[in-house]
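Text of the file start28.txt, holding compact mmCIF, C-alpha atoms:
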# COMPACT_ATOMS: atom_id res chain seq x y z
CA MET A 1 -34.45 7.08 -34.76
CA THR A 2 -36.29 3.73 -35.12
CA ARG A 3 -35.71 1.42 -38.04
CA SER A 4 -38.16 -1.26 -39.06
CA LEU A 5 -36.71 -4.57 -40.20
CA ARG A 6 -38.11 -6.02 -43.39
CA PRO A 7 -38.85 -9.75 -43.15
CA CYS A 8 -36.67 -10.56 -46.14
CA LEU A 9 -33.54 -9.03 -44.59
CA LEU A 10 -31.08 -10.51 -42.13
CA ALA A 11 -30.71 -8.57 -38.89
CA ALA A 12 -27.43 -8.37 -37.01
CA VAL A 13 -27.69 -8.07 -33.24
CA LEU A 14 -24.82 -6.69 -31.16
CA ALA A 15 -24.82 -7.94 -27.57
CA TYR A 16 -22.73 -6.82 -24.63
CA SER A 17 -21.34 -8.85 -21.74
CA ALA A 18 -21.96 -7.87 -18.11
CA ALA A 19 -18.56 -6.12 -18.15
CA GLY A 20 -19.67 -3.98 -21.09
CA THR A 21 -17.50 -5.72 -23.69
CA ALA A 22 -19.02 -6.25 -27.10
CA LEU A 23 -19.76 -9.92 -27.83
CA PRO A 24 -19.75 -11.42 -31.34
CA ARG A 25 -22.77 -10.57 -33.47
CA THR A 26 -25.56 -13.05 -33.78
CA VAL A 27 -27.24 -13.19 -37.13
CA VAL A 28 -30.98 -13.72 -36.98
CA ASP A 29 -32.47 -15.20 -40.11
CA ALA A 30 -35.87 -13.73 -40.95
CA ALA A 31 -37.21 -17.28 -41.47
CA SER A 32 -36.67 -18.04 -37.76
CA VAL A 33 -38.76 -15.08 -36.59
CA PRO A 34 -42.30 -16.14 -35.65
CA VAL A 35 -44.95 -15.15 -38.16
CA ALA A 36 -48.52 -14.35 -37.16
CA ALA A 37 -50.87 -16.79 -38.86
CA PRO A 38 -53.54 -15.04 -40.92
CA ALA A 39 -57.13 -15.80 -39.93
CA ARG A 40 -57.88 -17.03 -43.44
CA VAL A 41 -56.12 -17.86 -46.66
CA ALA A 42 -57.36 -18.59 -50.15
CA GLY A 43 -56.93 -21.97 -51.72
CA GLU A 44 -57.41 -23.39 -55.17
CA VAL A 45 -58.64 -26.94 -55.63
CA MET A 46 -58.20 -28.56 -59.04
CA VAL A 47 -59.71 -31.94 -59.75
CA LEU A 48 -57.75 -33.61 -62.55
CA LEU A 49 -58.59 -36.85 -64.34
CA ALA A 50 -55.53 -38.82 -65.40
CA THR A 51 -55.84 -41.75 -67.81
CA GLN A 52 -53.46 -44.12 -69.55
CA SER A 53 -53.06 -43.58 -73.27
CA ASP A 54 -51.07 -44.99 -76.17
CA ALA A 55 -51.96 -41.92 -78.23
CA GLY A 56 -49.22 -39.79 -76.70
CA ARG A 57 -49.20 -37.25 -73.95
CA SER A 58 -51.93 -34.62 -73.72
CA VAL A 59 -52.58 -32.08 -70.98
CA ASP A 60 -55.80 -30.05 -71.06
CA ALA A 61 -54.89 -26.39 -71.71
CA ALA A 62 -57.31 -25.35 -68.95
CA ILE A 63 -55.02 -26.99 -66.39
CA GLY A 64 -52.19 -24.57 -67.08
CA ALA A 65 -48.51 -25.12 -66.36
CA ILE A 66 -47.93 -27.59 -63.53
CA PRO A 67 -44.32 -28.83 -63.65
CA GLN A 68 -45.10 -31.84 -61.44
CA LEU A 69 -47.21 -33.42 -64.21
CA SER A 70 -44.07 -34.10 -66.26
CA LYS A 71 -42.33 -35.93 -63.37
CA PRO A 72 -42.90 -39.31 -61.67
CA PRO A 73 -45.41 -40.53 -60.67
CA PHE A 74 -47.54 -38.11 -62.70
CA ASN A 75 -45.80 -38.77 -66.02
CA ALA A 76 -47.04 -42.36 -65.98
CA TYR A 77 -50.37 -41.01 -67.25
CA GLY A 78 -50.78 -39.92 -70.86
CA GLN A 79 -53.96 -37.87 -70.73
CA TRP A 80 -54.82 -35.11 -68.24
CA LYS A 81 -58.20 -33.41 -68.15
CA LEU A 82 -59.48 -30.67 -65.85
CA VAL A 83 -62.69 -31.91 -64.23
CA ASP A 84 -63.26 -29.04 -61.79
CA ARG A 85 -61.53 -25.97 -60.35
CA LYS A 86 -62.69 -24.11 -57.27
CA THR A 87 -61.37 -21.24 -55.19
CA VAL A 88 -62.06 -21.66 -51.49
CA ASN A 89 -61.47 -19.61 -48.35
CA LEU A 90 -59.74 -21.55 -45.61
CA GLU A 91 -60.32 -20.22 -42.09
CA ARG A 92 -57.64 -21.11 -39.58
CA GLY A 93 -58.76 -24.08 -37.48
CA LYS A 94 -62.02 -24.68 -39.37
CA GLY A 95 -62.63 -27.42 -41.89
CA THR A 96 -63.86 -26.60 -45.37
CA SER A 97 -65.75 -29.24 -47.36
CA ILE A 98 -65.52 -29.42 -51.15
CA PRO A 99 -67.62 -31.91 -53.14
CA VAL A 100 -65.60 -34.00 -55.61
CA ALA A 101 -66.82 -35.36 -58.97
CA ASN A 102 -66.87 -38.99 -57.79
CA GLY A 103 -69.41 -38.23 -55.04
CA ARG A 104 -66.90 -38.00 -52.21
CA THR A 105 -65.96 -34.90 -50.24
CA LEU A 106 -62.58 -33.27 -49.76
CA GLN A 107 -62.10 -31.79 -46.28
CA LEU A 108 -59.40 -29.08 -46.01
CA THR A 109 -58.22 -27.55 -42.74
CA TYR A 110 -55.62 -24.78 -42.53
CA SER A 111 -54.10 -24.72 -39.06
CA ASP A 112 -51.00 -22.53 -38.95
CA ILE A 113 -48.14 -20.84 -40.75
CA THR A 114 -44.50 -21.76 -40.21
CA ALA A 115 -41.67 -19.30 -39.57
CA ASP A 116 -40.61 -19.68 -43.22
CA LYS A 117 -44.14 -18.75 -44.34
CA ARG A 118 -45.39 -22.17 -45.38
CA PHE A 119 -48.87 -23.33 -44.45
CA ARG A 120 -49.85 -26.33 -42.33
CA VAL A 121 -52.85 -27.89 -44.02
CA SER A 122 -54.61 -31.20 -43.60
CA ALA A 123 -56.50 -32.69 -46.52
CA ALA A 124 -58.83 -35.64 -46.15
CA MET A 125 -60.90 -37.51 -48.72
CA MET A 126 -64.13 -38.48 -47.02
CA ARG A 127 -66.29 -41.49 -47.90
CA GLU A 128 -69.98 -41.08 -48.55
CA ASP A 129 -70.67 -42.19 -44.93
CA GLY A 130 -68.44 -39.40 -43.55
CA SER A 131 -65.48 -41.56 -42.55
CA SER A 132 -61.98 -40.66 -43.69
CA LEU A 133 -60.64 -42.65 -46.63
CA GLN A 134 -57.34 -40.87 -47.07
CA LYS A 135 -55.75 -38.09 -44.98
CA VAL A 136 -52.50 -36.16 -45.24
CA ASN A 137 -50.97 -33.39 -43.18
CA VAL A 138 -48.67 -31.16 -45.21
CA VAL A 139 -46.58 -28.05 -44.87
CA ALA A 140 -47.42 -26.37 -48.17
CA ALA A 141 -45.35 -23.74 -49.91
CA THR A 142 -47.23 -20.72 -51.20
CA GLN A 143 -48.40 -21.10 -54.81
CA GLU A 144 -47.08 -24.68 -55.08
CA PRO A 145 -49.68 -27.45 -55.35
CA PHE A 146 -49.72 -30.64 -53.34
CA PHE A 147 -51.79 -33.61 -54.44
CA LEU A 148 -54.14 -36.30 -53.18
CA ALA A 149 -54.57 -39.14 -55.64
CA GLY A 150 -56.00 -42.57 -56.09
CA GLN A 151 -59.74 -42.07 -56.46
CA LYS A 152 -61.09 -44.03 -59.45
CA TYR A 153 -63.31 -42.10 -61.83
CA GLN A 154 -64.50 -42.62 -65.42
CA GLY A 155 -61.81 -45.18 -66.28
CA GLY A 156 -58.99 -43.11 -64.82
CA THR A 157 -57.62 -41.74 -61.56
CA LEU A 158 -58.51 -38.46 -59.90
CA PHE A 159 -55.69 -36.23 -58.72
CA ILE A 160 -56.74 -33.41 -56.41
CA GLY A 161 -54.29 -30.50 -56.62
CA ILE A 162 -54.46 -28.08 -53.67
CA THR A 163 -52.66 -24.75 -53.78
CA VAL A 164 -52.56 -22.23 -50.92
CA LYS A 165 -52.74 -18.65 -52.15
CA PRO A 166 -52.46 -16.19 -49.25
Now that the file is in, can you turn its structure into structure tokens?
Amino acid sequence: MTRSLRPCLLAAVLAYSAAGTALPRTVVDAASVPVAAPARVAGEVMVLLATQSDAGRSVDAAIGAIPQLSKPPFNAYGQWKLVDRKTVNLERGKGTSIPVANGRTLQLTYSDITADKRFRVSAAMMREDGSSLQKVNVVAATQEPFFLAGQKYQGGTLFIGITVKP
């Protein structure tokens, strides 16, 4: 009878010495087992405009619940507005270009998946001439956004939230 191991379970392995004596069990954590990287994953790109305000804190309802916005450094901004939201397909090893409101281009490249099922992604903000202005390499958790920030736009700062959604 063959049993299949579910990825979320721990598997105990019983080994035997050359003399046939049972050795202590080795526990294999499912997170250490290699995971095949999917050929493509979905991503969501949200372009947020953050501005300073003395009028109190306001977050555009279209943004939804993003806990990071209530923590430093995000909480230094009083007003948050959704400028754009796009769903993109990220093919492993291929760059995907997304135009941004300020005329620049965001370049996303998904390269791999880790054993604990997080995604290696590079994100680069490209200048109008095609050179890289800002680039980060991240290991992104599923459904948890990471951000690029610092682009000036309409009297505020753009924050680009990128979420991998396999």
Q: Enter the distance from CA of Leu108 (chain A) to CA of Gln52 (chain A), in Å, rounded to one decimal.
A: 28.6 Å
Q: Please provide as a ChimeraX atom specification all residues within 7 Å of Gly161 (chain A), with the sequence filter that same-chain residues fewer than 6 positions apart are discarded (counting only C-alpha atoms).
A: /A:45-47,145-148
Save out the residues we just selected, C-alpha atoms, as an mmCIF file, keeping the file's coordinate frame.
data_model
loop_
_atom_site.group_PDB
_atom_site.id
_atom_site.type_symbol
_atom_site.label_atom_id
_atom_site.label_comp_id
_atom_site.auth_asym_id
_atom_site.auth_seq_id
_atom_site.Cartn_x
_atom_site.Cartn_y
_atom_site.Cartn_z
ATOM 1 C CA VAL A 45 -58.640 -26.940 -55.630
ATOM 2 C CA MET A 46 -58.200 -28.560 -59.040
ATOM 3 C CA VAL A 47 -59.710 -31.940 -59.750
ATOM 4 C CA PRO A 145 -49.680 -27.450 -55.350
ATOM 5 C CA PHE A 146 -49.720 -30.640 -53.340
ATOM 6 C CA PHE A 147 -51.790 -33.610 -54.440
ATOM 7 C CA LEU A 148 -54.140 -36.300 -53.180
#
Q: Record the distance separating CA of Val164 (chain A) and CA of Trp80 (chain A), expressed in Å with one decimal.
A: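 Going from CA of Val164 (chain A) over to CA of Trp80 (chain A) covers 21.7 Å.
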Q | Neighbours of point (-62.8, -32.7, -47.5) within 6 Å, using all atoms listed in the file, written as a VMD selection string | A | chain A and resid 97 to 98 105 to 108 124 to 126
Q) Between A:Thr109, A:Gln68, A:Thr157, A:Thr87, which has the minimum distance to Asn137 (chain A) (counting only C-alpha atoms)? A)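 Among A:Thr109, A:Gln68, A:Thr157, A:Thr87, it is A:Thr109 that comes nearest to Asn137 (chain A).
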**Q.** Non-local contacts of Val138 (chain A) (8 Å; only C-alpha atoms; under 4 positions in same chain excluded) as number ranges by chain
**A.** A: 119-122
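Closest approach to Thr142 (chain A) among A:Thr114, A:Asn75, A:Thr51, A:Asn102 is made by A:Thr114 (distances from all atoms listed in the file).
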Contacts of Tyr77 (chain A) at 10 Å (all atoms listed in the file; same-chain gap of 6+ positions) as a CSV table (one decimal) with C-alpha atoms, in the coordinates of the input:
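Dumped everything to result-v1.csv:
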chain,number,residue,atom,x,y,z
A,49,LEU,CA,-58.6,-36.8,-64.3
A,50,ALA,CA,-55.5,-38.8,-65.4
A,51,THR,CA,-55.8,-41.8,-67.8
A,52,GLN,CA,-53.5,-44.1,-69.6
A,53,SER,CA,-53.1,-43.6,-73.3
A,54,ASP,CA,-51.1,-45.0,-76.2
A,56,GLY,CA,-49.2,-39.8,-76.7
A,57,ARG,CA,-49.2,-37.2,-74.0
A,58,SER,CA,-51.9,-34.6,-73.7
A,59,VAL,CA,-52.6,-32.1,-71.0
A,69,LEU,CA,-47.2,-33.4,-64.2
A,70,SER,CA,-44.1,-34.1,-66.3
A,156,GLY,CA,-59.0,-43.1,-64.8
A,157,THR,CA,-57.6,-41.7,-61.6
Q) Please, what distance in Å, to one decimal, runs between CA of Gln134 (chain A) and CA of Ser111 (chain A)? A)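 For CA of Gln134 (chain A) relative to CA of Ser111 (chain A), the distance reads 18.3 Å.
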Q. Which one of A:Pro166, A:Pro72, A:Pro67, A:Gly155 sits closest to Val41 (chain A) if you count all atoms listed in the file?
A. A:Pro166
Q | Residue among A:Lys71, A:Leu82, A:Gly103, A:Ala149 lying closest to Gly130 (chain A), counting only C-alpha atoms | A |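 Answer, going by the shortest atom-to-atom distance: A:Gly103.
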